[in-house]
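Peer 1: I am attaching a structure below and will ask some questions about it afterwards.
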Amino acid sequence: MEKGFLNDWIKEAGITGPMGSHKNSVWYNKEGDCLQFQSEQVAVIGDRIDEFLTVYLSAENKDIIGFQLKDVKALVQKYGLPGIVVDASVKKDQLSISVFALLLRAFGATSKTIKEEMAYSNVIRTVPKEQSIIQYSELAMA
Amino acid sequence: MANARIITIKFPPTGQDIDIRFEHDWLNDLYKYEPVKFQNLLTAVEVLKNPTRIYVGLKRILSNNGLCFVGKPKKWYIREDKLVDFPKDKLVYTVFLNDRYSVFELRATEVDFFDPESPIDWAERFGGEIWKKDF
(Lines give C-alpha, C1' and ligand atoms only; values in the text may rest on other atoms or scores of the structure.)
Protein backbone atom coordinates (compact mmCIF):
# COMPACT_ATOMS: atom_id res chain seq x y z
CA MET A 1 0.00 0.00 0.00
CA GLU A 2 1.33 3.40 -0.92
CA LYS A 3 1.80 6.23 1.56
CA GLY A 4 -0.71 8.28 -0.42
CA PHE A 5 -3.63 6.41 1.15
CA LEU A 6 -2.99 8.26 4.39
CA ASN A 7 -3.72 11.54 2.64
CA ASP A 8 -7.10 10.13 1.61
CA TRP A 9 -7.77 9.06 5.19
CA ILE A 10 -6.87 12.55 6.43
CA LYS A 11 -9.42 14.07 4.06
CA GLU A 12 -12.13 11.52 4.89
CA ALA A 13 -11.67 11.97 8.63
CA GLY A 14 -11.86 15.73 8.29
CA ILE A 15 -8.44 16.16 9.85
CA THR A 16 -7.06 19.67 9.67
CA GLY A 17 -4.00 21.45 10.97
CA PRO A 18 -0.42 20.30 11.17
CA MET A 19 0.46 16.71 12.04
CA GLY A 20 1.81 16.47 15.57
CA SER A 21 0.17 19.68 16.75
CA HIS A 22 -0.44 18.11 20.20
CA LYS A 23 2.67 15.96 20.37
CA ASN A 24 4.37 15.36 23.72
CA SER A 25 0.98 15.54 25.44
CA VAL A 26 -0.94 12.97 27.46
CA TRP A 27 -4.16 11.93 25.72
CA TYR A 28 -7.08 9.63 26.35
CA ASN A 29 -7.46 6.93 23.71
CA LYS A 30 -11.20 6.25 23.78
CA GLU A 31 -11.04 3.21 21.48
CA GLY A 32 -8.58 1.51 23.80
CA ASP A 33 -9.75 3.07 27.09
CA CYS A 34 -6.22 4.10 27.90
CA LEU A 35 -4.02 7.09 28.55
CA GLN A 36 -1.04 7.47 26.24
CA PHE A 37 2.02 9.64 26.29
CA GLN A 38 5.20 9.99 24.26
CA SER A 39 7.82 12.55 25.23
CA GLU A 40 9.64 12.04 21.94
CA GLN A 41 8.22 11.38 18.50
CA VAL A 42 9.96 8.22 17.48
CA ALA A 43 8.73 4.70 16.73
CA VAL A 44 8.03 2.81 19.92
CA ILE A 45 8.66 -0.67 21.26
CA GLY A 46 6.07 -1.68 23.83
CA ASP A 47 7.31 -3.29 27.04
CA ARG A 48 4.31 -4.72 28.91
CA ILE A 49 4.86 -4.27 32.64
CA ASP A 50 1.57 -5.52 34.06
CA GLU A 51 -2.12 -5.60 33.13
CA PHE A 52 -2.32 -1.80 33.35
CA LEU A 53 1.00 -0.40 32.23
CA THR A 54 2.97 -0.72 29.01
CA VAL A 55 6.16 1.28 28.80
CA TYR A 56 7.10 2.86 25.49
CA LEU A 57 10.77 2.48 24.60
CA SER A 58 12.42 4.43 21.82
CA ALA A 59 13.09 2.15 18.85
CA GLU A 60 16.29 4.12 18.30
CA ASN A 61 17.97 3.69 21.67
CA LYS A 62 15.49 1.90 23.98
CA ASP A 63 15.19 4.87 26.32
CA ILE A 64 11.86 5.12 28.16
CA ILE A 65 9.91 7.79 26.33
CA GLY A 66 6.34 7.24 27.45
CA PHE A 67 3.61 4.85 28.41
CA GLN A 68 0.17 3.43 27.82
CA LEU A 69 -2.05 3.07 30.90
CA LYS A 70 -4.92 0.68 30.18
CA ASP A 71 -8.33 0.10 31.75
CA VAL A 72 -8.82 3.67 32.91
CA LYS A 73 -12.57 3.18 33.38
CA ALA A 74 -12.00 0.05 35.44
CA LEU A 75 -9.53 1.90 37.65
CA VAL A 76 -12.06 4.64 38.24
CA GLN A 77 -14.85 2.15 38.93
CA LYS A 78 -12.67 0.31 41.44
CA TYR A 79 -11.28 3.29 43.31
CA GLY A 80 -13.79 6.05 42.61
CA LEU A 81 -13.14 9.59 41.56
CA PRO A 82 -11.82 11.12 44.82
CA GLY A 83 -8.09 11.69 44.53
CA ILE A 84 -8.21 11.37 40.75
CA VAL A 85 -10.38 14.35 39.88
CA VAL A 86 -8.64 17.61 40.65
CA ASP A 87 -11.27 19.99 39.31
CA ALA A 88 -14.82 19.13 38.27
CA SER A 89 -15.88 22.68 37.65
CA VAL A 90 -14.43 23.26 34.18
CA LYS A 91 -17.49 21.93 32.35
CA LYS A 92 -20.38 19.84 33.51
CA ASP A 93 -19.50 17.00 31.14
CA GLN A 94 -15.76 17.19 31.59
CA LEU A 95 -13.45 16.45 34.50
CA SER A 96 -9.87 17.42 35.14
CA ILE A 97 -8.05 14.33 36.26
CA SER A 98 -4.57 13.72 37.59
CA VAL A 99 -2.42 11.48 35.44
CA PHE A 100 -0.13 10.79 38.40
CA ALA A 101 -3.09 9.75 40.57
CA LEU A 102 -4.27 7.29 37.94
CA LEU A 103 -0.76 5.84 37.62
CA LEU A 104 -0.63 5.44 41.40
CA ARG A 105 -4.01 3.70 41.42
CA ALA A 106 -2.70 1.23 38.85
CA PHE A 107 0.52 0.83 40.81
CA GLY A 108 -1.41 -0.02 43.97
CA ALA A 109 -3.86 -2.38 42.30
CA THR A 110 -1.58 -5.41 42.48
CA SER A 111 1.62 -6.35 44.26
CA LYS A 112 4.71 -5.43 42.30
CA THR A 113 8.14 -6.84 41.57
CA ILE A 114 11.15 -4.54 41.76
CA LYS A 115 11.22 -4.34 37.95
CA GLU A 116 7.57 -3.28 37.93
CA GLU A 117 8.14 -0.70 40.69
CA MET A 118 11.00 0.79 38.72
CA ALA A 119 8.91 0.92 35.56
CA TYR A 120 6.18 2.94 37.27
CA SER A 121 8.75 5.23 38.82
CA ASN A 122 10.47 5.80 35.48
CA VAL A 123 7.21 6.42 33.67
CA ILE A 124 6.11 9.04 36.19
CA ARG A 125 9.40 10.83 35.59
CA THR A 126 8.72 11.06 31.85
CA VAL A 127 5.53 13.10 32.35
CA PRO A 128 6.18 16.86 32.59
CA LYS A 129 4.30 18.63 35.39
CA GLU A 130 2.32 20.68 32.87
CA GLN A 131 1.05 17.42 31.37
CA SER A 132 -0.07 15.95 34.69
CA ILE A 133 -3.69 17.07 34.37
CA ILE A 134 -5.91 16.15 31.45
CA GLN A 135 -9.53 16.86 30.55
CA TYR A 136 -11.52 13.66 30.45
CA SER A 137 -15.13 13.68 29.34
CA GLU A 138 -15.55 9.87 29.34
CA LEU A 139 -15.26 9.72 33.12
CA ALA A 140 -17.92 12.32 33.65
CA MET A 141 -20.37 10.22 31.65
CA ALA A 142 -19.43 6.90 33.30
CA MET B 1 -21.51 3.98 12.83
CA ALA B 2 -20.10 5.38 9.63
CA ASN B 3 -17.49 7.70 11.07
CA ALA B 4 -14.67 5.36 10.35
CA ARG B 5 -12.35 4.32 7.57
CA ILE B 6 -13.01 0.64 7.01
CA ILE B 7 -10.74 -1.87 5.39
CA THR B 8 -11.97 -5.35 4.57
CA ILE B 9 -9.59 -8.25 5.03
CA LYS B 10 -9.89 -11.99 4.78
CA PHE B 11 -9.78 -13.18 8.39
CA PRO B 12 -7.37 -16.12 8.28
CA PRO B 13 -8.93 -18.22 11.08
CA THR B 14 -12.30 -18.39 9.29
CA GLY B 15 -11.54 -17.43 5.70
CA GLN B 16 -14.41 -14.93 5.90
CA ASP B 17 -14.16 -11.22 5.12
CA ILE B 18 -14.20 -8.92 8.14
CA ASP B 19 -14.32 -5.14 8.36
CA ILE B 20 -11.61 -3.48 10.41
CA ARG B 21 -12.40 0.02 11.60
CA PHE B 22 -10.20 3.09 11.95
CA GLU B 23 -12.45 5.55 13.78
CA HIS B 24 -12.19 9.09 12.48
CA ASP B 25 -11.89 10.57 15.98
CA TRP B 26 -9.11 8.13 16.78
CA LEU B 27 -7.32 8.93 13.51
CA ASN B 28 -7.62 12.60 14.35
CA ASP B 29 -6.11 12.09 17.80
CA LEU B 30 -3.30 9.93 16.48
CA TYR B 31 -2.49 12.54 13.83
CA LYS B 32 -2.23 15.26 16.46
CA TYR B 33 -0.64 13.41 19.38
CA GLU B 34 1.49 10.63 17.90
CA PRO B 35 2.56 11.57 14.36
CA VAL B 36 5.08 8.76 13.90
CA LYS B 37 2.46 6.22 14.93
CA PHE B 38 0.04 7.87 12.51
CA GLN B 39 2.51 7.38 9.67
CA ASN B 40 2.96 3.80 10.78
CA LEU B 41 -0.68 3.14 9.89
CA LEU B 42 0.97 2.15 6.63
CA THR B 43 2.81 -0.57 8.52
CA ALA B 44 -0.28 -1.54 10.50
CA VAL B 45 -2.35 -2.09 7.36
CA GLU B 46 0.42 -4.27 5.92
CA VAL B 47 0.35 -6.40 9.09
CA LEU B 48 -3.45 -6.65 9.10
CA LYS B 49 -3.39 -7.89 5.52
CA ASN B 50 -0.48 -10.26 6.00
CA PRO B 51 -0.22 -11.39 9.62
CA THR B 52 1.97 -14.19 10.91
CA ARG B 53 0.09 -14.68 14.19
CA ILE B 54 -3.33 -13.65 15.52
CA TYR B 55 -4.22 -13.68 19.20
CA VAL B 56 -7.58 -13.30 20.89
CA GLY B 57 -8.33 -11.96 24.35
CA LEU B 58 -6.41 -8.89 25.43
CA LYS B 59 -7.06 -9.62 29.12
CA ARG B 60 -8.66 -6.28 29.83
CA ILE B 61 -10.75 -5.86 32.97
CA LEU B 62 -13.97 -4.66 31.35
CA SER B 63 -13.66 -6.73 28.19
CA ASN B 64 -11.65 -9.84 27.50
CA ASN B 65 -12.35 -9.70 23.81
CA GLY B 66 -10.24 -7.94 21.23
CA LEU B 67 -7.59 -9.16 18.84
CA CYS B 68 -3.90 -8.69 18.28
CA PHE B 69 -2.52 -9.08 14.75
CA VAL B 70 1.22 -9.71 14.57
CA GLY B 71 3.51 -9.46 11.60
CA LYS B 72 6.87 -8.51 10.19
CA PRO B 73 6.43 -5.59 7.80
CA LYS B 74 9.05 -4.60 5.28
CA LYS B 75 9.39 -0.99 6.39
CA TRP B 76 8.33 1.34 9.19
CA TYR B 77 8.66 4.96 10.14
CA ILE B 78 11.29 5.35 12.83
CA ARG B 79 10.73 9.13 12.87
CA GLU B 80 8.47 11.49 10.96
CA ASP B 81 9.07 10.97 7.23
CA LYS B 82 12.00 8.64 7.94
CA LEU B 83 11.12 5.23 6.50
CA VAL B 84 13.58 2.44 7.28
CA ASP B 85 13.75 -1.35 7.12
CA PHE B 86 11.87 -3.05 9.93
CA PRO B 87 14.29 -5.04 12.15
CA LYS B 88 12.64 -8.41 11.59
CA ASP B 89 15.20 -10.38 13.58
CA LYS B 90 14.51 -8.49 16.80
CA LEU B 91 10.96 -7.17 16.63
CA VAL B 92 7.45 -7.96 15.52
CA TYR B 93 4.82 -5.35 14.78
CA THR B 94 1.58 -5.62 16.75
CA VAL B 95 -1.81 -4.12 15.91
CA PHE B 96 -4.51 -4.17 18.59
CA LEU B 97 -8.25 -4.22 17.90
CA ASN B 98 -11.05 -3.78 20.44
CA ASP B 99 -14.19 -5.91 20.51
CA ARG B 100 -15.71 -3.87 17.65
CA TYR B 101 -12.67 -4.63 15.46
CA SER B 102 -11.64 -1.01 15.81
CA VAL B 103 -7.88 -0.46 15.80
CA PHE B 104 -6.68 1.29 18.95
CA GLU B 105 -2.93 0.67 19.13
CA LEU B 106 0.04 -0.15 16.93
CA ARG B 107 3.60 -0.64 18.06
CA ALA B 108 6.60 -2.92 17.88
CA THR B 109 7.34 -5.59 20.45
CA GLU B 110 10.41 -7.71 21.05
CA VAL B 111 10.21 -11.22 19.62
CA ASP B 112 9.57 -14.23 21.78
CA PHE B 113 12.68 -16.30 22.44
CA PHE B 114 10.98 -19.58 21.52
CA ASP B 115 8.89 -18.25 18.62
CA PRO B 116 10.44 -15.30 16.78
CA GLU B 117 7.21 -14.72 14.85
CA SER B 118 5.42 -13.92 18.12
CA PRO B 119 5.70 -11.09 20.64
CA ILE B 120 7.55 -11.79 23.85
CA ASP B 121 5.51 -13.45 26.62
CA TRP B 122 2.56 -13.92 24.28
CA ALA B 123 1.15 -16.82 26.28
CA GLU B 124 0.75 -14.61 29.36
CA ARG B 125 -0.49 -11.56 27.50
CA PHE B 126 -3.30 -13.02 25.45
CA GLY B 127 -6.21 -15.37 25.88
CA GLY B 128 -4.92 -17.61 23.14
CA GLU B 129 -3.40 -17.94 19.71
CA ILE B 130 -6.14 -18.44 17.15
CA TRP B 131 -4.07 -18.54 14.01
CA LYS B 132 -0.48 -18.88 12.83
CA LYS B 133 0.91 -18.59 9.36
CA ASP B 134 2.34 -21.66 7.70
CA PHE B 135 5.67 -20.85 6.14
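Following the order of the C-alpha coordinates, chains are lettered A, B, ..., residues in each are numbered from 1, and ligands are numbered from 1.
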When the cut-off is 10 Å and we count only C-alpha atoms, which residues of chain A are near chain B, given as a ChimeraX atom specification?
Peer 2: /A:1-6,8-10,12-34,36-48,50-52,56-60,68,70-75
Peer 1: Tell me, which residues of range 25-135 of chain B carry DSSP helix (DSSP H, G or I), written as a ChimeraX atom specification?
Peer 2: /B:25-33,35-39,41-49,122-125
Peer 1: Which parts of range 26-112 of chain A does DSSP call strand (DSSP E) when run on the backbone here, written out as a VMD selection string?
Peer 2: chain A and resid 27 to 29 34 to 38 44 to 48 53 to 58 64 to 70 85 to 91 94 to 98
Peer 1: With distances taken over only C-alpha atoms, which residue among A:Tyr136, A:Tyr120, A:Phe107, A:Tyr79 lies nearest Gly66 in chain A?
Peer 2: A:Tyr120
Peer 1: What does the distance between CA of Ile65 in chain A and CA of Val123 in chain A come to in Å, to one decimal place?
Peer 2: 7.9 Å
Peer 1: Considering only C-alpha atoms, state which residue in the set B:Ile7, B:Ile18, B:Val111, B:Val47 is at the smallest distance from Gly71 in chain B.
Peer 2: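 Distance minimum relative to Gly71 in chain B lands on B:Val47.
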Peer 1: Using only C-alpha atoms, determine which residues lie at most 12 Å from Ile54 in chain B, disregarding the query and same-chain residues fewer than 3 positions distant; provide the list as a ChimeraX atom specification.
Peer 2: /B:11-14,47-51,57-58,66-71,93-97,117-119,122,126-133
Peer 1: Hey, can you check how far CA of Ile64 in chain A sits from CA of Ile124 in chain A?
Peer 2: 10.6 Å
Peer 1: Go through A:Val76, A:Leu69, A:Leu35, A:Ala101 one by one, measure the shortest atom-to-atom distance of each to Ile49 in chain A using only C-alpha atoms, and give the residue with the smallest value.
Peer 2: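 With only C-alpha atoms as the atom set, the closest residue is A:Leu69.
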